[in-house]
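Novice: Sharing protein-v3.cif here; it has mmCIF, C-alpha atoms and all ligand atoms.
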```cif
data_my_file
#
loop_
_atom_site.label_atom_id
_atom_site.label_comp_id
_atom_site.auth_asym_id
_atom_site.auth_seq_id
_atom_site.Cartn_x
_atom_site.Cartn_y
_atom_site.Cartn_z
CA MET A 26 -8.95 22.14 -29.50
CA SER A 27 -5.87 20.14 -30.22
CA ARG A 28 -6.00 16.84 -31.99
CA THR A 29 -4.71 15.10 -28.85
CA LEU A 30 -7.57 16.37 -26.71
CA ASP A 31 -10.11 15.47 -29.38
CA GLN A 32 -8.82 11.95 -29.19
CA LEU A 33 -9.31 11.92 -25.42
CA LEU A 34 -12.94 12.99 -25.81
CA ASP A 35 -13.46 10.39 -28.51
CA ARG A 36 -12.04 7.72 -26.23
CA ASN A 37 -14.41 8.85 -23.50
CA VAL A 38 -17.40 8.31 -25.80
CA VAL A 39 -16.19 4.81 -26.62
CA TRP A 40 -15.58 4.03 -22.95
CA ALA A 41 -19.04 5.27 -21.87
CA ASP A 42 -20.68 3.36 -24.71
CA ASN A 43 -18.88 0.13 -23.78
CA LYS A 44 -19.87 0.56 -20.14
CA ARG A 45 -23.50 1.14 -21.06
CA ARG A 46 -23.60 -1.90 -23.32
CA ALA A 47 -22.05 -4.14 -20.65
CA ASP A 48 -24.22 -2.81 -17.84
CA PRO A 49 -27.23 -0.66 -18.88
CA ASP A 50 -27.78 0.53 -15.29
CA PHE A 51 -24.15 1.44 -14.59
CA PHE A 52 -24.40 5.21 -14.97
CA ARG A 53 -27.80 5.40 -13.29
CA ARG A 54 -26.28 3.69 -10.23
CA MET A 55 -23.24 5.96 -10.34
CA ALA A 56 -25.44 9.05 -10.51
CA GLU A 57 -27.45 8.04 -7.46
CA GLN A 58 -24.67 7.52 -4.93
CA GLN A 59 -21.13 6.34 -4.47
CA SER A 60 -20.53 3.74 -1.80
CA PRO A 61 -16.86 2.78 -1.81
CA HIS A 62 -15.53 0.52 0.93
CA TYR A 63 -11.95 1.69 0.51
CA LEU A 64 -9.95 4.87 0.69
CA TRP A 65 -6.74 4.74 -1.32
CA ILE A 66 -3.92 7.13 -0.44
CA GLY A 67 -1.39 6.78 -3.22
CA CYS A 68 1.28 8.50 -5.25
CA SER A 69 0.44 10.86 -8.11
CA ASP A 70 2.62 8.74 -10.42
CA SER A 71 0.66 8.20 -13.65
CA ARG A 72 1.48 4.48 -13.65
CA VAL A 73 -0.15 3.74 -10.30
CA THR A 74 -3.87 4.32 -10.68
CA ALA A 75 -5.99 2.85 -7.90
CA ASN A 76 -8.96 1.59 -9.91
CA ASP A 77 -6.73 -0.07 -12.48
CA VAL A 78 -4.37 -1.89 -10.15
CA LEU A 79 -7.24 -2.96 -7.89
CA GLY A 80 -9.43 -3.98 -10.82
CA LEU A 81 -12.29 -1.85 -9.49
CA ASP A 82 -14.97 0.12 -11.27
CA PRO A 83 -15.72 3.80 -10.69
CA GLY A 84 -17.58 4.17 -7.41
CA GLU A 85 -15.69 1.39 -5.66
CA VAL A 86 -12.66 3.20 -4.26
CA PHE A 87 -12.30 6.75 -2.92
CA VAL A 88 -8.92 8.18 -3.88
CA HIS A 89 -6.42 10.72 -2.65
CA ARG A 90 -3.08 11.04 -4.42
CA ASN A 91 -0.08 13.25 -3.96
CA ILE A 92 3.65 13.11 -4.61
CA ALA A 93 5.07 10.11 -2.73
CA ASN A 94 1.76 9.46 -0.90
CA VAL A 95 2.76 11.61 2.06
CA VAL A 96 0.34 12.12 4.96
CA HIS A 97 0.86 15.65 6.26
CA THR A 98 -1.28 16.27 9.30
CA SER A 99 -1.47 19.96 8.37
CA ASP A 100 -2.65 19.23 4.81
CA LEU A 101 -6.29 20.28 4.55
CA ASN A 102 -6.64 18.40 1.29
CA ILE A 103 -5.84 14.95 2.68
CA LEU A 104 -7.61 15.66 5.99
CA SER A 105 -10.79 16.66 4.16
CA VAL A 106 -10.65 13.53 2.01
CA LEU A 107 -9.98 11.39 5.07
CA GLU A 108 -12.79 12.91 7.09
CA PHE A 109 -15.29 12.54 4.27
CA ALA A 110 -14.22 8.96 3.59
CA VAL A 111 -14.45 7.94 7.25
CA GLU A 112 -17.45 9.95 8.42
CA ALA A 113 -19.68 10.26 5.33
CA LEU A 114 -18.76 7.32 3.12
CA LYS A 115 -17.94 5.12 6.11
CA VAL A 116 -15.13 3.29 4.36
CA GLU A 117 -13.88 0.24 6.21
CA HIS A 118 -10.32 0.19 4.89
CA VAL A 119 -7.75 2.92 4.33
CA ILE A 120 -4.87 1.77 2.16
CA VAL A 121 -1.64 3.73 1.98
CA CYS A 122 -0.03 2.48 -1.20
CA GLY A 123 3.41 3.55 -2.33
CA HIS A 124 5.44 2.07 -5.14
CA TYR A 125 8.97 1.01 -5.93
CA GLY A 126 10.90 3.44 -8.08
CA CYS A 127 8.99 6.42 -6.68
CA GLY A 128 10.38 9.66 -8.09
CA GLY A 129 9.27 11.57 -5.01
CA VAL A 130 11.17 9.26 -2.70
CA ARG A 131 14.18 9.43 -5.04
CA ARG A 132 14.08 13.21 -4.79
CA ALA A 133 13.80 13.08 -0.99
CA ILE A 134 16.96 11.03 -0.63
CA SER A 135 18.88 12.90 -3.33
CA GLY A 136 19.86 15.78 -1.08
CA GLU A 137 18.57 18.30 -3.64
CA ARG A 138 16.87 21.40 -2.28
CA GLY A 139 15.20 24.55 -3.44
CA ALA A 140 11.88 23.44 -4.93
CA ILE A 141 8.46 23.44 -3.30
CA VAL A 142 8.42 19.68 -3.53
CA ASP A 143 11.37 19.55 -1.13
CA HIS A 144 9.17 21.08 1.57
CA TRP A 145 6.55 18.46 0.82
CA LEU A 146 9.09 15.65 1.06
CA GLN A 147 10.85 16.99 4.13
CA PRO A 148 9.68 14.25 6.55
CA LEU A 149 11.25 11.65 4.27
CA SER A 150 14.51 13.50 3.71
CA MET A 151 14.83 14.15 7.47
CA LEU A 152 14.32 10.48 8.28
CA TYR A 153 16.83 9.48 5.61
CA ARG A 154 19.44 11.85 6.98
CA LYS A 155 18.80 10.74 10.55
CA HIS A 156 19.55 7.13 9.60
CA ALA A 157 22.38 7.85 7.20
CA ALA A 158 24.46 5.05 8.74
CA VAL A 159 21.77 2.42 8.06
CA PHE A 160 21.32 3.49 4.45
CA GLY A 161 25.04 4.02 3.92
CA ALA A 162 25.63 0.36 4.76
CA MET A 163 23.38 -0.77 1.88
CA GLU A 164 25.18 -2.02 -1.20
CA ASN A 165 23.94 0.48 -3.76
CA GLU A 166 21.61 3.35 -4.57
CA GLN A 167 18.87 1.04 -5.87
CA LYS A 168 18.71 -0.79 -2.53
CA ARG A 169 18.54 2.51 -0.67
CA LEU A 170 15.69 3.72 -2.88
CA ASP A 171 13.74 0.45 -2.62
CA ARG A 172 14.10 0.40 1.13
CA MET A 173 13.14 4.05 1.51
CA CYS A 174 10.04 3.44 -0.64
CA GLU A 175 9.05 0.72 1.83
CA ILE A 176 9.88 2.80 4.89
CA ASN A 177 7.84 5.68 3.51
CA ILE A 178 4.74 3.50 3.65
CA GLY A 179 5.38 2.52 7.26
CA MET A 180 5.87 6.16 8.08
CA GLN A 181 2.68 7.34 6.41
CA VAL A 182 0.51 4.63 8.00
CA ARG A 183 1.83 5.73 11.39
CA ARG A 184 1.06 9.38 10.62
CA LEU A 185 -2.40 8.45 9.40
CA ALA A 186 -3.10 6.47 12.55
CA ALA A 187 -2.12 9.49 14.64
CA THR A 188 -4.72 11.82 13.08
CA PRO A 189 -7.67 12.71 15.32
CA ILE A 190 -10.00 11.62 12.50
CA ILE A 191 -8.80 8.01 12.72
CA GLU A 192 -8.33 8.11 16.48
CA ASN A 193 -11.88 9.39 17.05
CA ALA A 194 -13.35 6.74 14.76
CA TRP A 195 -11.53 4.01 16.67
CA ALA A 196 -12.52 5.53 20.03
CA ARG A 197 -16.17 5.28 18.93
CA GLY A 198 -15.73 1.62 18.12
CA ARG A 199 -15.74 1.99 14.35
CA LYS A 200 -14.39 -0.96 12.38
CA LEU A 201 -11.70 0.82 10.44
CA HIS A 202 -8.58 -0.89 9.19
CA LEU A 203 -5.38 0.82 8.01
CA HIS A 204 -3.06 -0.99 5.61
CA GLY A 205 0.39 -0.39 4.14
CA TRP A 206 0.87 -1.73 0.62
CA ILE A 207 3.50 -1.30 -2.06
CA TYR A 208 3.09 -1.62 -5.81
CA ALA A 209 5.80 -2.86 -8.14
CA ILE A 210 5.54 -1.28 -11.55
CA HIS A 211 7.71 -3.99 -13.14
CA ASP A 212 5.17 -6.78 -12.52
CA GLY A 213 1.92 -4.94 -11.78
CA LEU A 214 1.51 -6.62 -8.40
CA LEU A 215 0.62 -5.15 -5.04
CA ARG A 216 2.44 -6.39 -1.97
CA ASP A 217 1.22 -6.23 1.58
CA LEU A 218 3.97 -4.61 3.62
CA GLY A 219 2.02 -3.73 6.70
CA PRO A 220 1.50 -2.45 9.21
CA HIS A 221 -2.15 -3.34 9.70
CA LEU A 222 -3.84 -1.24 12.33
CA SER A 223 -7.41 -1.52 13.58
CA SER A 224 -7.35 0.15 16.98
CA ILE A 225 -5.63 2.72 19.16
CA GLU A 226 -4.03 -0.14 21.11
CA GLU A 227 -2.50 -1.63 17.97
CA ARG A 228 -1.22 1.76 16.94
CA ASP A 229 0.33 2.41 20.33
CA ALA A 230 1.99 -1.02 20.32
CA LEU A 231 3.62 -0.42 16.94
CA PRO A 232 7.42 0.10 16.98
CA SER A 233 8.46 3.65 16.13
CA ILE A 234 9.40 4.51 12.56
CA ASP A 235 13.02 4.84 13.72
CA GLN A 236 12.92 1.29 15.04
CA TYR A 237 11.36 0.15 11.76
CA VAL A 238 14.29 1.66 9.86
CA ILE A 239 16.81 0.00 12.16
CA ASP A 240 15.09 -3.42 12.13
CA GLY A 241 15.44 -3.74 8.36
CA PRO A 242 13.12 -5.05 5.63
CA THR A 243 9.99 -7.01 6.38
CA ASP A 244 8.56 -9.67 4.12
CA ALA A 245 6.38 -7.96 1.55
CA GLN A 246 3.81 -10.55 0.51
CA SER A 247 1.93 -10.54 -2.76
CA ALA A 248 -1.52 -12.11 -2.80
CA ALA A 249 -0.13 -14.97 -4.94
CA MET A 250 2.58 -15.72 -2.40
CA ARG A 251 0.14 -15.57 0.50
CA GLN A 252 -2.11 -18.07 -1.27
CA ALA A 253 0.87 -20.37 -1.95
CA VAL A 254 1.88 -20.25 1.71
CA ALA A 255 -1.67 -21.01 2.82
CA VAL A 256 -1.96 -23.97 0.45
CA PHE A 257 1.38 -25.47 1.50
CA ALA A 258 0.74 -24.82 5.18
CA ALA A 259 -2.43 -26.93 4.98
CA MET A 260 -0.55 -29.93 3.57
CA PRO A 261 0.86 -32.79 5.70
CA VAL A 262 4.41 -32.34 6.94
CA CYS A 263 7.10 -34.98 6.44
CA GLU A 264 8.57 -36.39 9.69
CA ASP A 265 12.10 -36.31 8.37
CA GLY A 266 11.94 -32.56 8.13
CA GLY A 267 11.43 -32.40 4.38
CA GLY A 268 8.49 -30.06 4.73
CA PRO A 269 5.00 -30.34 3.27
CA ALA A 270 4.53 -32.58 0.25
CA CYS A 271 8.16 -33.71 0.18
CA CYS A 272 7.26 -37.41 0.02
CA GLY A 273 3.52 -37.60 0.07
CA GLY A 274 3.42 -36.96 3.78
CA HIS A 275 4.05 -39.18 6.85
CA GLY A 276 1.58 -37.26 8.95
CA ALA A 277 1.39 -33.76 10.20
CA VAL A 278 4.03 -33.61 12.91
CA ASP A 279 4.94 -29.99 12.86
CA GLU A 280 2.68 -27.89 10.76
CA ALA A 281 4.09 -24.62 11.95
CA ALA A 282 7.67 -25.61 11.12
CA GLY A 283 6.54 -26.94 7.74
CA ALA A 284 4.73 -23.73 6.93
CA ALA A 285 7.79 -21.75 7.94
CA ALA A 286 9.97 -23.90 5.67
CA VAL A 287 7.68 -23.34 2.72
CA ARG A 288 7.46 -19.68 3.50
CA GLU A 289 11.24 -19.62 3.25
CA LYS A 290 11.13 -21.39 -0.13
CA VAL A 291 8.56 -19.15 -1.69
CA ARG A 292 9.89 -15.95 -0.19
CA VAL A 293 10.70 -13.58 -2.98
CA LYS A 294 12.33 -10.27 -2.77
CA ALA A 295 9.92 -7.53 -3.68
CA ARG A 296 12.55 -6.41 -6.15
ZN ZN A 301 5.73 7.91 -6.64
#
```
Rewrite the structure from the file as structure tokens, please.

Specialist:
Amino acid sequence: MSRTLDQLLDRNVVWADNKRRADPDFFRRMAEQQSPHYLWIGCSDSRVTANDVLGLDPGEVFVHRNIANVVHTSDLNILSVLEFAVEALKVEHVIVCGHYGCGGVRRAISGERGAIVDHWLQPLSMLYRKHAAVFGAMENEQKRLDRMCEINIGMQVRRLAATPIIENAWARGRKLHLHGWIYAIHDGLLRDLGPHLSSIEERDALPSIDQYVIDGPTDAQSAAMRQAVAVFAAMPVCEDGGGPACCGGHGAVDEAAGAAAVREKVRVKAR
């Protein structure tokens, strides 16, 4: 065995020992049953590992990963994972999480052909070509890639919501929530891009993916930004239009407008 693999096994021993010392029952609990509340559908990229970015232990998130987190409704792998997660594990949340700088998305918009992966990425490359005018109007290649990484998530949540597995669960009244998130490798933060879907009605009311492309970027919120907005929104609003906390507060005259003003101030571009 190579030296490198020996090191991996050694690290495993250290990891297991540390776990056991911190929580003597950890492996006994793991051996009995897994009971994750979440299914994560993410990219195979080695920098975006579900347990790490969510801060969760083994047993807390069920995971499916593939190149560019694509949901193919003919892919027995993802459908099997999805069915098991929904029907056996009874997860409550399914998170489609892409990431900025995704190599799979970059390949899809590159126009390159001839590899198996191009078949896999075909839904993305087709969408990109269909809306060439929208992407062509963007200022540079980085903007096009960032935007396509975001659009990919919207697309995959829609495809997920259209599977009979999800549809049947909703039809039976199951509480099952679909989420679209994006991870930024440069700061380690997840951002909630949407859409959020919890029923067939919500799915059917969602604008098409083509409309989503045409409408342009949505506001991707990190948890930190959402907390900041919530805190400022709860503060009194100044009557002279200065927004919450501008002068100690003259009374809450227009909380919604104040919250919107703060939202504008703290809005950050995802990249
Ligand atoms: Zn990726």

Novice: What does the list of residues within 10 Å of ligand ZN 301 (chain A) look like if you count all atoms listed in the file, written as a list in words?

Specialist: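 I would give the residues around ligand ZN 301 (chain A) as Gly67, Cys68, Ser69, Asp70, Ser71, Arg72, Val73, Arg90, Asn91, Ile92, Ala93, Asn94, Val95, Cys122, Gly123, His124, Tyr125, Gly126, Cys127, Gly128, Gly129, Val130, Arg131, Cys174 and Tyr208 of chain A.
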
Novice: For the residues in the current selection, export C-alpha atoms as a tab-separated table (two decimals), keeping the file's coordinate frame.

Specialist:
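Output file result-v5.tsv is given in full below:
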```
chain	number	residue	atom	x	y	z
A	67	GLY	CA	-1.39	6.78	-3.22
A	68	CYS	CA	1.28	8.50	-5.25
A	69	SER	CA	0.44	10.86	-8.11
A	70	ASP	CA	2.62	8.74	-10.42
A	71	SER	CA	0.66	8.20	-13.65
A	72	ARG	CA	1.48	4.48	-13.65
A	73	VAL	CA	-0.15	3.74	-10.30
A	90	ARG	CA	-3.08	11.04	-4.42
A	91	ASN	CA	-0.08	13.25	-3.96
A	92	ILE	CA	3.65	13.11	-4.61
A	93	ALA	CA	5.07	10.11	-2.73
A	94	ASN	CA	1.76	9.46	-0.90
A	95	VAL	CA	2.76	11.61	2.06
A	122	CYS	CA	-0.03	2.48	-1.20
A	123	GLY	CA	3.41	3.55	-2.33
A	124	HIS	CA	5.44	2.07	-5.14
A	125	TYR	CA	8.97	1.01	-5.93
A	126	GLY	CA	10.90	3.44	-8.08
A	127	CYS	CA	8.99	6.42	-6.68
A	128	GLY	CA	10.38	9.66	-8.09
A	129	GLY	CA	9.27	11.57	-5.01
A	130	VAL	CA	11.17	9.26	-2.70
A	131	ARG	CA	14.18	9.43	-5.04
A	174	CYS	CA	10.04	3.44	-0.64
A	208	TYR	CA	3.09	-1.62	-5.81
```

Novice: Find the spatial neighbours of region 222-239 of chain A, counting all atoms listed in the file, within a cut-off of 6 Å - ignore same-chain residues fewer than 5 positions away - and output them as a PyMOL selection string.

Specialist: chain A and resi 180+195+201-203

Novice: Leaving out Leu107 (chain A) and any residue of its chain fewer than 3 positions from it, which residues lie within 10 Å of it when counting all atoms listed in the file, given as a list in words?

Specialist: Leu64, Trp65, Ile66, Phe87, Val88, His89, Leu101, Asn102, Ile103, Leu104, Ala110, Val111, Glu112, Ala113, Leu114, Val116, Val119, Leu185, Thr188, Ile190 and Ile191 of chain A

Novice: For CA of Ala253 (chain A) and CA of Glu175 (chain A), quote the distance in Å rounded to one decimal.

Specialist: 22.9 Å

Novice: Mind giving me the straight-line distance from CA of Gln147 (chain A) to CA of Ala162 (chain A) in Å, one decimal?

Specialist: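 These atoms are spaced 22.3 Å apart.
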
Novice: So the first atom is CA of Ile120 (chain A) and the second is CA of Trp206 (chain A); what is the distance between them in Å, to one decimal place?

Specialist: 6.9 Å

Novice: Could you list as a ChimeraX atom specification every residue that has an atom within 9 Å of (13.9, 14.5, -0.1), using the file's coordinates and counting only C-alpha atoms?

Specialist: /A:129-138,142-151,153

Novice: Looking at all atoms listed in the file, which of A:Gly241, A:Gly219, A:Gly213, A:Gly84 is the one that sits closest to Pro61 (chain A)?

Specialist: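 Selected residue with least distance to Pro61 (chain A): A:Gly84.
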
Novice: Of the candidates A:His211, A:Arg251, A:His62, A:His204, which one gets nearest to Glu85 (chain A) if we count only C-alpha atoms?

Specialist: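 Among A:His211, A:Arg251, A:His62, A:His204, it is A:His62 that comes nearest to Glu85 (chain A).
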
Novice: Calculated over all atoms listed in the file, which of the candidates A:Phe257, A:Lys200, A:Asn37, A:Gln246 has the smallest distance to His118 (chain A)?

Specialist: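 When distances to His118 (chain A) are compared using all atoms listed in the file, the smallest one comes from A:Lys200.
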
Novice: Mind working out the centre and edge lengths of an axis-aligned box for region 76-91 of chain A, all listed atoms inside, 4 Å added to each side, rounded to one decimal in Å and written as AutoDock Vina command-line options?

Specialist:
```
--center_x -8.8 --center_y 4.6 --center_z -7.6 --size_x 25.5 --size_y 25.2 --size_z 17.8
```

Novice: Go through A:Arg46, A:Leu215, A:Leu30, A:Pro220 one by one, measure the shortest atom-to-atom distance of each to Met250 (chain A) using all atoms listed in the file, and give the residue with the smallest value.

Specialist: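 Of the candidates, the smallest distance to Met250 (chain A) is held by A:Leu215.
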